[in-house]
Amino acid sequence: MSNGEVAPNNTIYINNLNEKIKLDELKKTLKSIFQQFGNILEVLAFKTLKHKGQAWVVFEDVSSATNVLRQMQGFPLYDKPMKLQYAKTKSDVIAKADGTFVPREKRKKHDERADRKRREQHQDASQSMGLNAPYSGPYGAAVPLPYLGGVKPVPEAPAPPNKILFFENLPHETTPGQLQIVLSHYHGFKEVRMIDAKPGIAFVEFGDEMQSTVAMQALQGFKMTPQAQNQVLITYAKK
DNA sequence: AGCACA
């Protein structure tokens with residue numbers, strides 16, 4: 001019964017996100033990981049203390065959200081397994097498309113007389129939570145992959161943009177040739193290097209950081225084969 | 001833990 005289940009919704013509510021990641025990056029990353037499930041209308045995240053570590057991903061179709069929920073539950077992102085639920089309420093973009101959107105200011109028009117005296121007596125408790133940027137790594141620490149039982153590798157320092165990308169979580173049987181086929185579609189692709197002693201990872205070089213960034217965002221979370229379990233994680237290589 | 005509409 002009251003186990004926290006929520007009715008299907010276009011929007012996925014995510015929590016247990018790594019709060020150290022800057023919102024811009026977080027939103028981009030979520031988008032690139034989830035876009036494979038369907039068209040995303042919006043990704044929202046806020047920095048207020050009440051909303052840290054949370055995000056909303058709005059899909060055009062409920063079925064996309066449902067697939068995300070089934071397939072990506074617990075997916076480790078920036079070192080933390082994501083917790084996914086349907087959002088409790090309809091997102092504004094959806095309501096606007098519906099024609100059911102009610103602007104927020106007018107929404108409390110229920111008891112027009114009951115609360116008329118309640119003018120904003122907020123304490124203005126200026127929570128100085130403005131610009132704390134704990135660190136500025138763009139893509140966050142590499143995610144330790146198979147996410148088995150709790151033992152984590154050392155937290156890696158976040159790497160700044162780099163024309164070389166670091167791929168993890170590849171199926172171990174992946175060959176450089178297979179990867180090259182995928183990568184050759186991206187502008188500026190130069191070469192892929194794999195290490196026999198370390199299956200599942202690869203270094204991929206592009207002409208510059210712009211090109212590597214485009215490829216990273218396009219390929220983030222992809223699967224080498226349809227039946228592959230693991231979704232590939234891509235970060236900038238450490239310099 | 002925490003469900004918004006920057």
# chains A, B, ... in the order shown; residues from 1 in each chain; ligands from 1
$ interface_residues --of "chain B" --to "chain A" --cutoff "7 Å" --atoms "only C-alpha atoms (C1' of nucleotides)" --output "PyMOL selection string"
chain B and resi 2-3+5
$ write_last_selection --atoms "N, CA and C atoms (P, O5', C5', C4', C3', O3' and C1' of nucleotides)" --output "PDB file, in the first residue's frame"
ATOM      1  P    DG B   2      11.644  12.029   2.460  1.00  0.00           P
ATOM      2  O5'  DG B   2      11.932  13.464   1.806  1.00  0.00           O
ATOM      3  C5'  DG B   2      11.682  14.643   2.559  1.00  0.00           C
ATOM      4  C4'  DG B   2      12.228  15.854   1.819  1.00  0.00           C
ATOM      5  C3'  DG B   2      11.848  15.904   0.333  1.00  0.00           C
ATOM      6  O3'  DG B   2      10.592  16.545   0.193  1.00  0.00           O
ATOM      7  C1'  DG B   2      14.168  16.373   0.614  1.00  0.00           C
ATOM      8  P    DC B   3       9.558  16.015  -0.939  1.00  0.00           P
ATOM      9  O5'  DC B   3       9.384  17.305  -1.850  1.00  0.00           O
ATOM     10  C5'  DC B   3      10.375  17.682  -2.769  1.00  0.00           C
ATOM     11  C4'  DC B   3       9.738  18.098  -4.065  1.00  0.00           C
ATOM     12  C3'  DC B   3       8.273  18.491  -3.995  1.00  0.00           C
ATOM     13  O3'  DC B   3       8.022  19.459  -5.014  1.00  0.00           O
ATOM     14  C1'  DC B   3       8.502  16.650  -5.412  1.00  0.00           C
ATOM     15  P    DC B   5       9.335  26.058  -8.076  1.00  0.00           P
ATOM     16  O5'  DC B   5       9.342  26.118  -9.666  1.00  0.00           O
ATOM     17  C5'  DC B   5      10.583  25.997 -10.363  1.00  0.00           C
ATOM     18  C4'  DC B   5      10.290  25.661 -11.803  1.00  0.00           C
ATOM     19  C3'  DC B   5       9.342  26.660 -12.466  1.00  0.00           C
ATOM     20  O3'  DC B   5       9.841  26.984 -13.742  1.00  0.00           O
ATOM     21  C1'  DC B   5       8.535  24.490 -12.745  1.00  0.00           C
TER      22       DC B   5
END
$ residues_around --residues "region 160-168 of chain A" --least-positions-apart "3" --cutoff "7 Å" --atoms "only C-alpha atoms (C1' of nucleotides)" --output "mmCIF file with all heavy atoms, in the first residue's frame"
data_model
loop_
_atom_site.group_PDB
_atom_site.id
_atom_site.type_symbol
_atom_site.label_atom_id
_atom_site.label_comp_id
_atom_site.auth_asym_id
_atom_site.auth_seq_id
_atom_site.Cartn_x
_atom_site.Cartn_y
_atom_site.Cartn_z
ATOM 1 N N GLY A 137 35.159 20.524 -11.519
ATOM 2 C CA GLY A 137 35.339 19.497 -12.535
ATOM 3 C C GLY A 137 34.072 19.340 -13.346
ATOM 4 O O GLY A 137 33.000 19.294 -12.794
ATOM 5 N N PRO A 138 34.171 19.274 -14.617
ATOM 6 C CA PRO A 138 33.002 19.315 -15.469
ATOM 7 C C PRO A 138 32.185 18.032 -15.447
ATOM 8 O O PRO A 138 30.981 18.100 -15.459
ATOM 9 C CB PRO A 138 33.579 19.540 -16.852
ATOM 10 C CG PRO A 138 34.966 19.020 -16.757
ATOM 11 C CD PRO A 138 35.401 19.247 -15.359
ATOM 12 N N GLY A 200 37.321 -3.484 -20.803
ATOM 13 C CA GLY A 200 36.188 -2.664 -20.400
ATOM 14 C C GLY A 200 36.445 -1.175 -20.405
ATOM 15 O O GLY A 200 35.545 -0.391 -20.163
ATOM 16 N N ILE A 201 37.668 -0.792 -20.656
ATOM 17 C CA ILE A 201 37.948 0.644 -20.723
ATOM 18 C C ILE A 201 38.653 0.999 -22.037
ATOM 19 O O ILE A 201 39.215 0.126 -22.699
ATOM 20 C CB ILE A 201 38.813 1.143 -19.541
ATOM 21 C CG1 ILE A 201 40.230 0.601 -19.656
ATOM 22 C CG2 ILE A 201 38.174 0.766 -18.210
ATOM 23 C CD1 ILE A 201 41.203 1.292 -18.707
ATOM 24 N N ALA A 202 38.582 2.262 -22.372
ATOM 25 C CA ALA A 202 39.253 2.710 -23.592
ATOM 26 C C ALA A 202 39.564 4.194 -23.477
ATOM 27 O O ALA A 202 38.865 4.932 -22.779
ATOM 28 C CB ALA A 202 38.363 2.464 -24.805
ATOM 29 N N PHE A 203 40.592 4.608 -24.171
ATOM 30 C CA PHE A 203 40.909 6.031 -24.303
ATOM 31 C C PHE A 203 40.637 6.425 -25.748
ATOM 32 O O PHE A 203 41.076 5.738 -26.673
ATOM 33 C CB PHE A 203 42.372 6.303 -23.950
ATOM 34 C CG PHE A 203 42.671 6.034 -22.517
ATOM 35 C CD1 PHE A 203 43.112 4.782 -22.098
ATOM 36 C CD2 PHE A 203 42.478 7.027 -21.560
ATOM 37 C CE1 PHE A 203 43.376 4.525 -20.761
ATOM 38 C CE2 PHE A 203 42.747 6.781 -20.218
ATOM 39 C CZ PHE A 203 43.188 5.522 -19.818
ATOM 40 N N VAL A 204 39.906 7.500 -25.905
ATOM 41 C CA VAL A 204 39.486 7.893 -27.248
ATOM 42 C C VAL A 204 39.897 9.339 -27.490
ATOM 43 O O VAL A 204 39.493 10.236 -26.751
ATOM 44 C CB VAL A 204 37.963 7.745 -27.399
ATOM 45 C CG1 VAL A 204 37.521 8.239 -28.761
ATOM 46 C CG2 VAL A 204 37.549 6.291 -27.172
ATOM 47 N N GLU A 205 40.660 9.526 -28.524
ATOM 48 C CA GLU A 205 41.200 10.862 -28.773
ATOM 49 C C GLU A 205 40.489 11.571 -29.919
ATOM 50 O O GLU A 205 40.223 10.986 -30.966
ATOM 51 C CB GLU A 205 42.701 10.761 -29.075
ATOM 52 C CG GLU A 205 43.313 12.131 -29.297
ATOM 53 C CD GLU A 205 44.836 12.127 -29.196
ATOM 54 O OE1 GLU A 205 45.396 11.098 -28.749
ATOM 55 O OE2 GLU A 205 45.439 13.152 -29.553
ATOM 56 N N PHE A 206 40.206 12.851 -29.681
ATOM 57 C CA PHE A 206 39.623 13.727 -30.703
ATOM 58 C C PHE A 206 40.583 14.869 -30.993
ATOM 59 O O PHE A 206 41.585 15.053 -30.293
ATOM 60 C CB PHE A 206 38.281 14.280 -30.208
ATOM 61 C CG PHE A 206 37.196 13.248 -30.207
ATOM 62 C CD1 PHE A 206 37.081 12.350 -29.156
ATOM 63 C CD2 PHE A 206 36.296 13.154 -31.265
ATOM 64 C CE1 PHE A 206 36.084 11.380 -29.160
ATOM 65 C CE2 PHE A 206 35.307 12.199 -31.278
ATOM 66 C CZ PHE A 206 35.199 11.302 -30.227
ATOM 67 N N GLY A 207 40.239 15.628 -32.005
ATOM 68 C CA GLY A 207 41.087 16.747 -32.400
ATOM 69 C C GLY A 207 41.149 17.836 -31.353
ATOM 70 O O GLY A 207 42.188 18.432 -31.132
ATOM 71 N N ASP A 208 40.016 18.099 -30.697
ATOM 72 C CA ASP A 208 40.033 19.118 -29.655
ATOM 73 C C ASP A 208 38.922 18.836 -28.621
ATOM 74 O O ASP A 208 38.157 17.876 -28.762
ATOM 75 C CB ASP A 208 39.897 20.528 -30.255
ATOM 76 C CG ASP A 208 38.596 20.705 -31.023
ATOM 77 O OD1 ASP A 208 37.565 20.145 -30.599
ATOM 78 O OD2 ASP A 208 38.612 21.397 -32.059
ATOM 79 N N GLU A 209 38.863 19.698 -27.649
ATOM 80 C CA GLU A 209 37.912 19.484 -26.549
ATOM 81 C C GLU A 209 36.463 19.669 -26.971
ATOM 82 O O GLU A 209 35.561 19.023 -26.435
ATOM 83 C CB GLU A 209 38.222 20.449 -25.403
ATOM 84 C CG GLU A 209 39.508 20.102 -24.692
ATOM 85 C CD GLU A 209 39.893 21.161 -23.668
ATOM 86 O OE1 GLU A 209 39.098 22.108 -23.464
ATOM 87 O OE2 GLU A 209 40.983 21.027 -23.089
ATOM 88 N N SER A 212 35.514 16.362 -28.567
ATOM 89 C CA SER A 212 35.375 15.264 -27.600
ATOM 90 C C SER A 212 34.121 15.464 -26.748
ATOM 91 O O SER A 212 33.425 14.512 -26.398
ATOM 92 C CB SER A 212 36.619 15.166 -26.714
ATOM 93 O OG SER A 212 36.764 16.322 -25.909
ATOM 94 N N VAL A 232 27.676 2.451 -21.174
ATOM 95 C CA VAL A 232 29.027 2.977 -21.156
ATOM 96 C C VAL A 232 29.069 4.329 -20.441
ATOM 97 O O VAL A 232 28.192 5.161 -20.620
ATOM 98 C CB VAL A 232 29.541 3.119 -22.602
ATOM 99 C CG1 VAL A 232 30.883 3.818 -22.630
ATOM 100 C CG2 VAL A 232 29.630 1.745 -23.238
ATOM 101 N N LEU A 233 30.058 4.485 -19.621
ATOM 102 C CA LEU A 233 30.261 5.763 -18.946
ATOM 103 C C LEU A 233 31.470 6.467 -19.555
ATOM 104 O O LEU A 233 32.515 5.855 -19.729
ATOM 105 C CB LEU A 233 30.511 5.548 -17.460
ATOM 106 C CG LEU A 233 30.758 6.894 -16.785
ATOM 107 C CD1 LEU A 233 29.452 7.550 -16.412
ATOM 108 C CD2 LEU A 233 31.674 6.765 -15.617
ATOM 109 N N ILE A 234 31.282 7.712 -19.858
ATOM 110 C CA ILE A 234 32.360 8.469 -20.505
ATOM 111 C C ILE A 234 32.705 9.692 -19.670
ATOM 112 O O ILE A 234 31.817 10.451 -19.273
ATOM 113 C CB ILE A 234 31.930 8.928 -21.910
ATOM 114 C CG1 ILE A 234 31.346 7.759 -22.704
ATOM 115 C CG2 ILE A 234 33.113 9.552 -22.639
ATOM 116 C CD1 ILE A 234 30.721 8.171 -24.028
ATOM 117 N N THR A 235 33.967 9.850 -19.411
ATOM 118 C CA THR A 235 34.445 11.053 -18.716
ATOM 119 C C THR A 235 35.656 11.581 -19.476
ATOM 120 O O THR A 235 36.195 10.896 -20.343
ATOM 121 C CB THR A 235 34.862 10.723 -17.267
ATOM 122 O OG1 THR A 235 35.797 9.646 -17.299
ATOM 123 C CG2 THR A 235 33.672 10.314 -16.421
ATOM 124 N N TYR A 236 36.046 12.781 -19.151
ATOM 125 C CA TYR A 236 37.301 13.264 -19.723
ATOM 126 C C TYR A 236 38.453 12.491 -19.098
ATOM 127 O O TYR A 236 38.453 12.232 -17.884
ATOM 128 C CB TYR A 236 37.488 14.750 -19.431
ATOM 129 C CG TYR A 236 36.454 15.636 -20.100
ATOM 130 C CD1 TYR A 236 35.532 16.334 -19.342
ATOM 131 C CD2 TYR A 236 36.415 15.773 -21.478
ATOM 132 C CE1 TYR A 236 34.584 17.153 -19.943
ATOM 133 C CE2 TYR A 236 35.475 16.580 -22.096
ATOM 134 C CZ TYR A 236 34.568 17.271 -21.323
ATOM 135 O OH TYR A 236 33.632 18.074 -21.913
ATOM 136 N N ALA A 237 39.416 12.155 -19.901
ATOM 137 C CA ALA A 237 40.599 11.493 -19.361
ATOM 138 C C ALA A 237 41.370 12.474 -18.495
ATOM 139 O O ALA A 237 41.317 13.681 -18.706
ATOM 140 C CB ALA A 237 41.476 10.999 -20.509
#
$ atom_distance --atom1 "CA of Gln71 (chain A)" --atom2 "CA of Pro8 (chain A)"
15.1 Å
$ closest_residue --among "A:Ala228, A:Ala7, A:Thr48, A:Lys22" --to "DA4 (chain B)" --atoms "only C-alpha atoms (C1' of nucleotides)"
A:Thr48
$ atom_distance --atom1 "CA of Ala95 (chain A)" --atom2 "CA of Lys27 (chain A)"
21.4 Å
